[in-house]
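Enquirer: Dropping the structure in here first, questions after.
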Amino acid sequence: MNQANAKPATVIDAHELSKVYNGHQIPVRAVDNVHLHIEEGEFTAIVGPSGSGKSTLLHLIGGLDAPTAGSVILAGTDLTQLSENELIDFRLHNIGFVFQAYNLVPVLTARENVGFVMQLQGVPREEREARVRTLLEEVGLADKAESKPGKLSGGQQQRVAVARALASKPRIVLADEPTANLDSVSAANLLDIMARLNRDENITFLFSTHDQRVIEKARRVITLVDGRVVSDEIRQ
Amino acid sequence: MSWLNLWRNRRRTLITAASVYFAVILSIIMRSATLGVYDNMIHNFVTFSSGYMQVHLKGYWEESNIDNAMEHRASLADTFGRVAGVTAVIPRLQSFVLASGADQTKGAMAMGIIPSLERSATRFSEKLTVGSYPRSDTDRVALLGEELALRLKLKPGDTLVLIGQGYRAASAAGMFRVAGLLQLGSPELNQRMIFLPLKRAQEMFGAESLITSLALQVGNPAALEPVHQRLRQVLDTARLEVKTWKEMYPEMDQFITADSSGHIIMSGILYLMISFGLLGTLLMMTMERTHEFGILIALGLRKSKIGLMLLGESVIIALMGCAMGMLSGFGIVWWFQSNPIRLTGQLRDMYISYGIDPVIALSTRPDIFYIQAVVVLVISVVLVLAPVWKVMRLKPVEAINS
């Protein structure tokens, strides 16, 4: 990893990014020649109908899947040049994920789930615990620190997931349909928290969504259709 | 985390650990009973015949003739008695005789012993079933194996007449009062052994102050070789030799080796069966969590660490079952060692026909227990390779979408 060459202002630089899945007969172009440039502090939504390639694009940007063509440069590092373990380590230190289905580790408490990534990073226990407390307070769940996911509502679990995504102090948080499983109140709460973190702490968020509430909050909206970027709207 | 994961499906974990538990108990009992029978057979046979090890004149074992007797010197016994691992040095003089009762004659082995020494060193007196044990080391009395007494129609108080060849072609003859009958725990010995006080045997055979062997008792019969080596270092090897029971009775050692391999195969089959159970559980636990593994990889957990987590889960399940199995197994073995099973009917006859005492006294050798732990640990480590291999091949996106 070449952190030294990182360009602070640019978090993501995707060039001619394509992903083709070889179906039984016809190859499917899930992402088709996408160029994308995301700068630090953006609050961006990738929108589009189901099957438009939103999740695939997030997976490619997050290094979870390898592109068929093109490159993804994240914080100055070309992800396509990294080995499997280098990619895992890169994600650990640079990317936070929020998934549609929360995906907390069920046997760990909220506190342990948030601290888990920092533990992998080797953050000392005291520092870890302090940051976990801060993050849980920021997402309004300080009183649920010792609760396991099974005892939390969907909205609470997703807030823990956001805290977990931020725990590693990532360069960017990738959120794949984060509000899709939430009721309107929980979704609004979650969006407020993420918008505040973006505004106050300059954390970069990139969402895939077709939730109108998320789209309304976003300051930039990229629309995908059939794997292609058909519009890229920046709002004031 | 491995520990926490195990309790996600408490029932499955407990059932899997229980399968290990029962396999360990069964294996311990099987192995303990097998080794117990062997130990008992060896103990009964060698204690009252050759000893676990024996020092005698060079060439005596190949030509077990009283003419190959040696001087009974206290200094020799002292020297061997000081060797680490040797617990008793027992002088004996033995030769073949014709034994006669009222109207029956039978070939037998007459062995001169020091009754007081045998009582303490081999607990010989505990084998007495009828009659009384010699009160002094010079009484003109004889102790007979039960089977031999039955053949000769002798009972305590009767007169036993012995005729044989003495030292250097002298004729040997003697008349002894039957003091008691012995159940020696070896059918072969029961049929042919006559024990006389050493002094009286030496008189009868014309072998004053001579013995044919020094039988050696050892503290740990399972570890004879180091003692054997130490004895050879202090032995006058030009004149004397020391042999272990395995060298003296290779057929018994071979029988045990052959019979033991059958039991080891049985244990292997048992462990193979639980291996499939454990493998099924591990694969199920892996399949169920494929999605979760994908998430963990996405968050930054290396696949090798997930593999270690699975290894931890497998080892914990195996060790839980193993520890409980070892504890319960030890309890069962300990009880049966104090209360040995006396076989009856056809099984008893079969054991006797093989020259084995029809008693199952379970062995408490430590290796019976810790070998189970090692075997189970190895199984749990080997089995986890299958799910680890699956994890190493996981693609994060496919796992997350599963």
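Following the order of the structure tokens, chains are lettered A, B, ..., residues in each are numbered from 1, and ligands are numbered from 1.
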Counting only C-alpha atoms, which residues of chain B sit at most 8 Å from some atom of chain A, and what is each one's closest atom pair with its distance in Å to one decimal, listed by chain and rising residue number, as JSON lines?
Expert:
{"residue": "B:Met1", "atom": "CA", "partner": "A:Val107", "partner_atom": "CA", "distance": 7.8}
{"residue": "B:Leu4", "atom": "CA", "partner": "A:Val107", "partner_atom": "CA", "distance": 6.0}
{"residue": "B:Asn5", "atom": "CA", "partner": "A:Val107", "partner_atom": "CA", "distance": 6.4}
{"residue": "B:Arg8", "atom": "CA", "partner": "A:Val107", "partner_atom": "CA", "distance": 7.4}
{"residue": "B:Glu292", "atom": "CA", "partner": "A:Asn103", "partner_atom": "CA", "distance": 7.2}
{"residue": "B:Ile295", "atom": "CA", "partner": "A:Asn103", "partner_atom": "CA", "distance": 7.0}
{"residue": "B:Ile297", "atom": "CA", "partner": "A:Ile88", "partner_atom": "CA", "distance": 6.7}
{"residue": "B:Ala298", "atom": "CA", "partner": "A:Leu64", "partner_atom": "CA", "distance": 6.6}
{"residue": "B:Leu299", "atom": "CA", "partner": "A:Leu92", "partner_atom": "CA", "distance": 5.8}
{"residue": "B:Gly300", "atom": "CA", "partner": "A:Leu92", "partner_atom": "CA", "distance": 4.2}
{"residue": "B:Leu301", "atom": "CA", "partner": "A:Ile88", "partner_atom": "CA", "distance": 6.8}
{"residue": "B:Arg302", "atom": "CA", "partner": "A:Ile88", "partner_atom": "CA", "distance": 6.4}
{"residue": "B:Lys395", "atom": "CA", "partner": "A:Asp65", "partner_atom": "CA", "distance": 7.9}
{"residue": "B:Pro396", "atom": "CA", "partner": "A:Leu64", "partner_atom": "CA", "distance": 5.8}
{"residue": "B:Val397", "atom": "CA", "partner": "A:Leu64", "partner_atom": "CA", "distance": 5.9}
Enquirer: Could the residues in this selection be saved with N, CA and C atoms as an mmCIF file, in the first residue's frame?
Expert:
data_model
loop_
_atom_site.group_PDB
_atom_site.id
_atom_site.type_symbol
_atom_site.label_atom_id
_atom_site.label_comp_id
_atom_site.auth_asym_id
_atom_site.auth_seq_id
_atom_site.Cartn_x
_atom_site.Cartn_y
_atom_site.Cartn_z
ATOM 1 N N MET B 1 -14.097 -15.492 21.137
ATOM 2 C CA MET B 1 -15.190 -15.469 20.160
ATOM 3 C C MET B 1 -15.603 -16.900 19.791
ATOM 4 N N LEU B 4 -17.944 -18.079 22.410
ATOM 5 C CA LEU B 4 -19.278 -17.489 22.287
ATOM 6 C C LEU B 4 -20.039 -18.122 21.123
ATOM 7 N N ASN B 5 -19.335 -18.347 20.020
ATOM 8 C CA ASN B 5 -19.997 -18.925 18.844
ATOM 9 C C ASN B 5 -20.589 -20.297 19.130
ATOM 10 N N ARG B 8 -24.212 -20.442 20.319
ATOM 11 C CA ARG B 8 -25.317 -19.967 19.479
ATOM 12 C C ARG B 8 -26.345 -21.071 19.310
ATOM 13 N N GLU B 292 -21.963 -14.327 7.413
ATOM 14 C CA GLU B 292 -21.264 -13.601 8.489
ATOM 15 C C GLU B 292 -19.756 -13.536 8.223
ATOM 16 N N ILE B 295 -19.081 -10.821 5.872
ATOM 17 C CA ILE B 295 -19.111 -9.513 6.542
ATOM 18 C C ILE B 295 -17.795 -9.270 7.286
ATOM 19 N N ILE B 297 -14.905 -10.540 6.742
ATOM 20 C CA ILE B 297 -13.801 -10.305 5.789
ATOM 21 C C ILE B 297 -13.902 -8.865 5.268
ATOM 22 N N ALA B 298 -15.141 -8.429 4.994
ATOM 23 C CA ALA B 298 -15.326 -7.062 4.520
ATOM 24 C C ALA B 298 -14.842 -6.045 5.553
ATOM 25 N N LEU B 299 -15.093 -6.352 6.826
ATOM 26 C CA LEU B 299 -14.703 -5.415 7.882
ATOM 27 C C LEU B 299 -13.196 -5.377 8.103
ATOM 28 N N GLY B 300 -12.507 -6.436 7.623
ATOM 29 C CA GLY B 300 -11.048 -6.411 7.759
ATOM 30 C C GLY B 300 -10.464 -7.581 8.520
ATOM 31 N N LEU B 301 -11.245 -8.645 8.703
ATOM 32 C CA LEU B 301 -10.724 -9.841 9.390
ATOM 33 C C LEU B 301 -10.149 -10.784 8.343
ATOM 34 N N ARG B 302 -8.884 -11.131 8.508
ATOM 35 C CA ARG B 302 -8.247 -12.046 7.547
ATOM 36 C C ARG B 302 -8.873 -13.436 7.630
ATOM 37 N N LYS B 395 -15.347 -15.960 -1.420
ATOM 38 C CA LYS B 395 -15.235 -14.641 -2.055
ATOM 39 C C LYS B 395 -16.177 -13.728 -1.281
ATOM 40 N N PRO B 396 -15.664 -12.590 -0.808
ATOM 41 C CA PRO B 396 -16.478 -11.759 0.103
ATOM 42 C C PRO B 396 -17.873 -11.444 -0.422
ATOM 43 N N VAL B 397 -17.971 -11.031 -1.691
ATOM 44 C CA VAL B 397 -19.282 -10.626 -2.211
ATOM 45 C C VAL B 397 -20.240 -11.815 -2.248
#
Enquirer: Which residues are close to region 203-206 of chain A, i.e. within 6 Å by only C-alpha atoms, leaving aside same-chain residues fewer than 5 positions away? Reply as number ranges by chain.
Expert: A: 40-45, 172-174, 198
Enquirer: How about saving the chosen residues, N, CA and C atoms kept, as a PDB file, in the first residue's frame?
Expert:
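Below is the file that was written, selection.pdb:
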ATOM      1  N   GLU A  40     -13.178  14.261  -0.416  1.00  0.00           N
ATOM      2  CA  GLU A  40     -13.329  14.163   1.032  1.00  0.00           C
ATOM      3  C   GLU A  40     -14.499  15.028   1.505  1.00  0.00           C
ATOM      4  N   GLY A  41     -15.308  14.459   2.399  1.00  0.00           N
ATOM      5  CA  GLY A  41     -16.408  15.229   2.984  1.00  0.00           C
ATOM      6  C   GLY A  41     -17.691  15.180   2.175  1.00  0.00           C
ATOM      7  N   GLU A  42     -17.698  14.444   1.088  1.00  0.00           N
ATOM      8  CA  GLU A  42     -18.938  14.360   0.285  1.00  0.00           C
ATOM      9  C   GLU A  42     -19.982  13.489   0.998  1.00  0.00           C
ATOM     10  N   PHE A  43     -21.239  13.771   0.652  1.00  0.00           N
ATOM     11  CA  PHE A  43     -22.371  12.987   1.163  1.00  0.00           C
ATOM     12  C   PHE A  43     -23.174  12.605  -0.069  1.00  0.00           C
ATOM     13  N   THR A  44     -22.773  11.472  -0.677  1.00  0.00           N
ATOM     14  CA  THR A  44     -23.216  11.162  -2.035  1.00  0.00           C
ATOM     15  C   THR A  44     -24.115   9.935  -2.071  1.00  0.00           C
ATOM     16  N   ALA A  45     -25.133  10.010  -2.843  1.00  0.00           N
ATOM     17  CA  ALA A  45     -26.031   8.863  -3.025  1.00  0.00           C
ATOM     18  C   ALA A  45     -25.927   8.347  -4.451  1.00  0.00           C
ATOM     19  N   ILE A 172     -13.556   6.658   4.190  1.00  0.00           N
ATOM     20  CA  ILE A 172     -14.889   6.736   3.581  1.00  0.00           C
ATOM     21  C   ILE A 172     -15.794   5.660   4.193  1.00  0.00           C
ATOM     22  N   VAL A 173     -17.082   5.990   4.289  1.00  0.00           N
ATOM     23  CA  VAL A 173     -18.057   4.995   4.730  1.00  0.00           C
ATOM     24  C   VAL A 173     -18.932   4.645   3.523  1.00  0.00           C
ATOM     25  N   LEU A 174     -18.958   3.347   3.199  1.00  0.00           N
ATOM     26  CA  LEU A 174     -19.798   2.872   2.110  1.00  0.00           C
ATOM     27  C   LEU A 174     -21.038   2.237   2.720  1.00  0.00           C
ATOM     28  N   ASN A 198     -21.197  13.725   8.995  1.00  0.00           N
ATOM     29  CA  ASN A 198     -20.596  14.239   7.757  1.00  0.00           C
ATOM     30  C   ASN A 198     -20.287  15.738   7.898  1.00  0.00           C
TER      31      ASN A 198
END
Enquirer: Just the residues within 10 Å of Glu138 (chain A), please, counting only C-alpha atoms, with nothing from its chain fewer than 6 positions along; format it as a list of chain:residue names.
Expert: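 Within the cut-off, the hits are A:Val132, A:Arg159, A:Ala163, A:Ile193, A:Met194, A:Arg196, A:Leu197.
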Enquirer: Just asking: which residues within region 224-386 of chain B are strand (DSSP E or B) according to DSSP, as a PyMOL selection string?
Expert: chain B and resi 240-244+341-342+359-360
Enquirer: What does the file look like for those residues with N, CA and C atoms, as an mmCIF file, in the first residue's frame?
Expert:
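Just written: again-v9.cif:
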data_model
loop_
_atom_site.group_PDB
_atom_site.id
_atom_site.type_symbol
_atom_site.label_atom_id
_atom_site.label_comp_id
_atom_site.auth_asym_id
_atom_site.auth_seq_id
_atom_site.Cartn_x
_atom_site.Cartn_y
_atom_site.Cartn_z
ATOM 1 N N LEU B 240 27.204 -63.555 34.127
ATOM 2 C CA LEU B 240 25.755 -63.485 34.374
ATOM 3 C C LEU B 240 25.045 -62.756 33.236
ATOM 4 N N GLU B 241 23.744 -62.947 33.196
ATOM 5 C CA GLU B 241 22.929 -62.170 32.243
ATOM 6 C C GLU B 241 21.611 -61.792 32.900
ATOM 7 N N VAL B 242 21.050 -60.689 32.394
ATOM 8 C CA VAL B 242 19.751 -60.255 32.899
ATOM 9 C C VAL B 242 18.792 -60.221 31.727
ATOM 10 N N LYS B 243 17.636 -60.824 31.905
ATOM 11 C CA LYS B 243 16.639 -60.864 30.828
ATOM 12 C C LYS B 243 15.315 -60.296 31.331
ATOM 13 N N THR B 244 14.625 -59.629 30.425
ATOM 14 C CA THR B 244 13.279 -59.147 30.772
ATOM 15 C C THR B 244 12.285 -60.268 30.451
ATOM 16 N N ILE B 341 -14.020 -57.742 37.424
ATOM 17 C CA ILE B 341 -15.097 -58.610 36.942
ATOM 18 C C ILE B 341 -14.542 -60.040 36.829
ATOM 19 N N ARG B 342 -15.161 -60.976 37.517
ATOM 20 C CA ARG B 342 -14.740 -62.381 37.432
ATOM 21 C C ARG B 342 -15.613 -63.055 36.387
ATOM 22 N N VAL B 359 -10.198 -62.977 34.812
ATOM 23 C CA VAL B 359 -10.578 -61.818 35.625
ATOM 24 C C VAL B 359 -10.275 -60.566 34.807
ATOM 25 N N ILE B 360 -11.245 -59.654 34.753
ATOM 26 C CA ILE B 360 -10.976 -58.381 34.069
ATOM 27 C C ILE B 360 -10.796 -57.304 35.131
#
Enquirer: Check region 252-401 of chain B with DSSP on the backbone and list each residue it calls alpha helix (DSSP H), as a VMD selection string.
Expert: chain B and resid 252 to 288 290 to 299 303 to 338 345 to 353 366 to 383 385 to 392 396 to 401
Enquirer: Would you pick out the contacts of region 18-21 of chain B at 10 Å or less, using only C-alpha atoms, so that residues sharing its chain but fewer than 4 positions from it are not included, and give the list as a list of chain:residue names?
Expert: B:Arg12, B:Thr13, B:Leu14, B:Ile25, B:Leu26, B:Ser27, B:Leu270, B:Tyr271, B:Met273, B:Ile274, B:Ser275, B:Gly277, B:Leu278, B:Ile317, B:Ala318, B:Leu319, B:Met320, B:Gly321, B:Cys322, B:Ala323, B:Met324, B:Gly325, B:Met326, B:Leu327, B:Ser328, B:Gly329, B:Val376
Enquirer: Could you name the residues that touch region 176-179 of chain B at 6 Å or less, counting only C-alpha atoms, but leaving out those on the same chain fewer than 6 positions away, as an NGL selection string?
Expert: :B and (131-132 or 140-143 or 156-160)
Enquirer: List as a PyMOL selection string the protein and nucleic acid residues near region 17-27 of chain A, meaning an atom at most 10 Å away when only C-alpha atoms are counted, but skip any in the same chain fewer than 2 places from it.
Expert: chain A and resi 14-15+29-36+53+56-57+60-61+65-72+227-228
Enquirer: Excluding same-chain residues fewer than 6 positions from Val234 (chain B), what lies within 9 Å of it counting only C-alpha atoms, as a PDB file with C-alpha atoms, in the first residue's frame?
Expert:
ATOM      1  CA  THR B  79      23.965 -54.617  44.156  1.00  0.00           C
ATOM      2  CA  PHE B  80      20.828 -55.218  42.085  1.00  0.00           C
ATOM      3  CA  VAL B  83      19.510 -50.159  40.972  1.00  0.00           C
TER       4      VAL B  83
END
Enquirer: Report the distance between CA of Val160 (chain A) and CA of Val391 (chain B) in Å, rounded to one decimal place.
Expert: 26.3 Å
Enquirer: Rounded to one decimal in Å, what is the spacing between CA of Leu135 (chain A) and CA of Lys151 (chain A)?
Expert: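 Spanning CA of Leu135 (chain A) to CA of Lys151 (chain A) is a straight-line distance of 19.1 Å.
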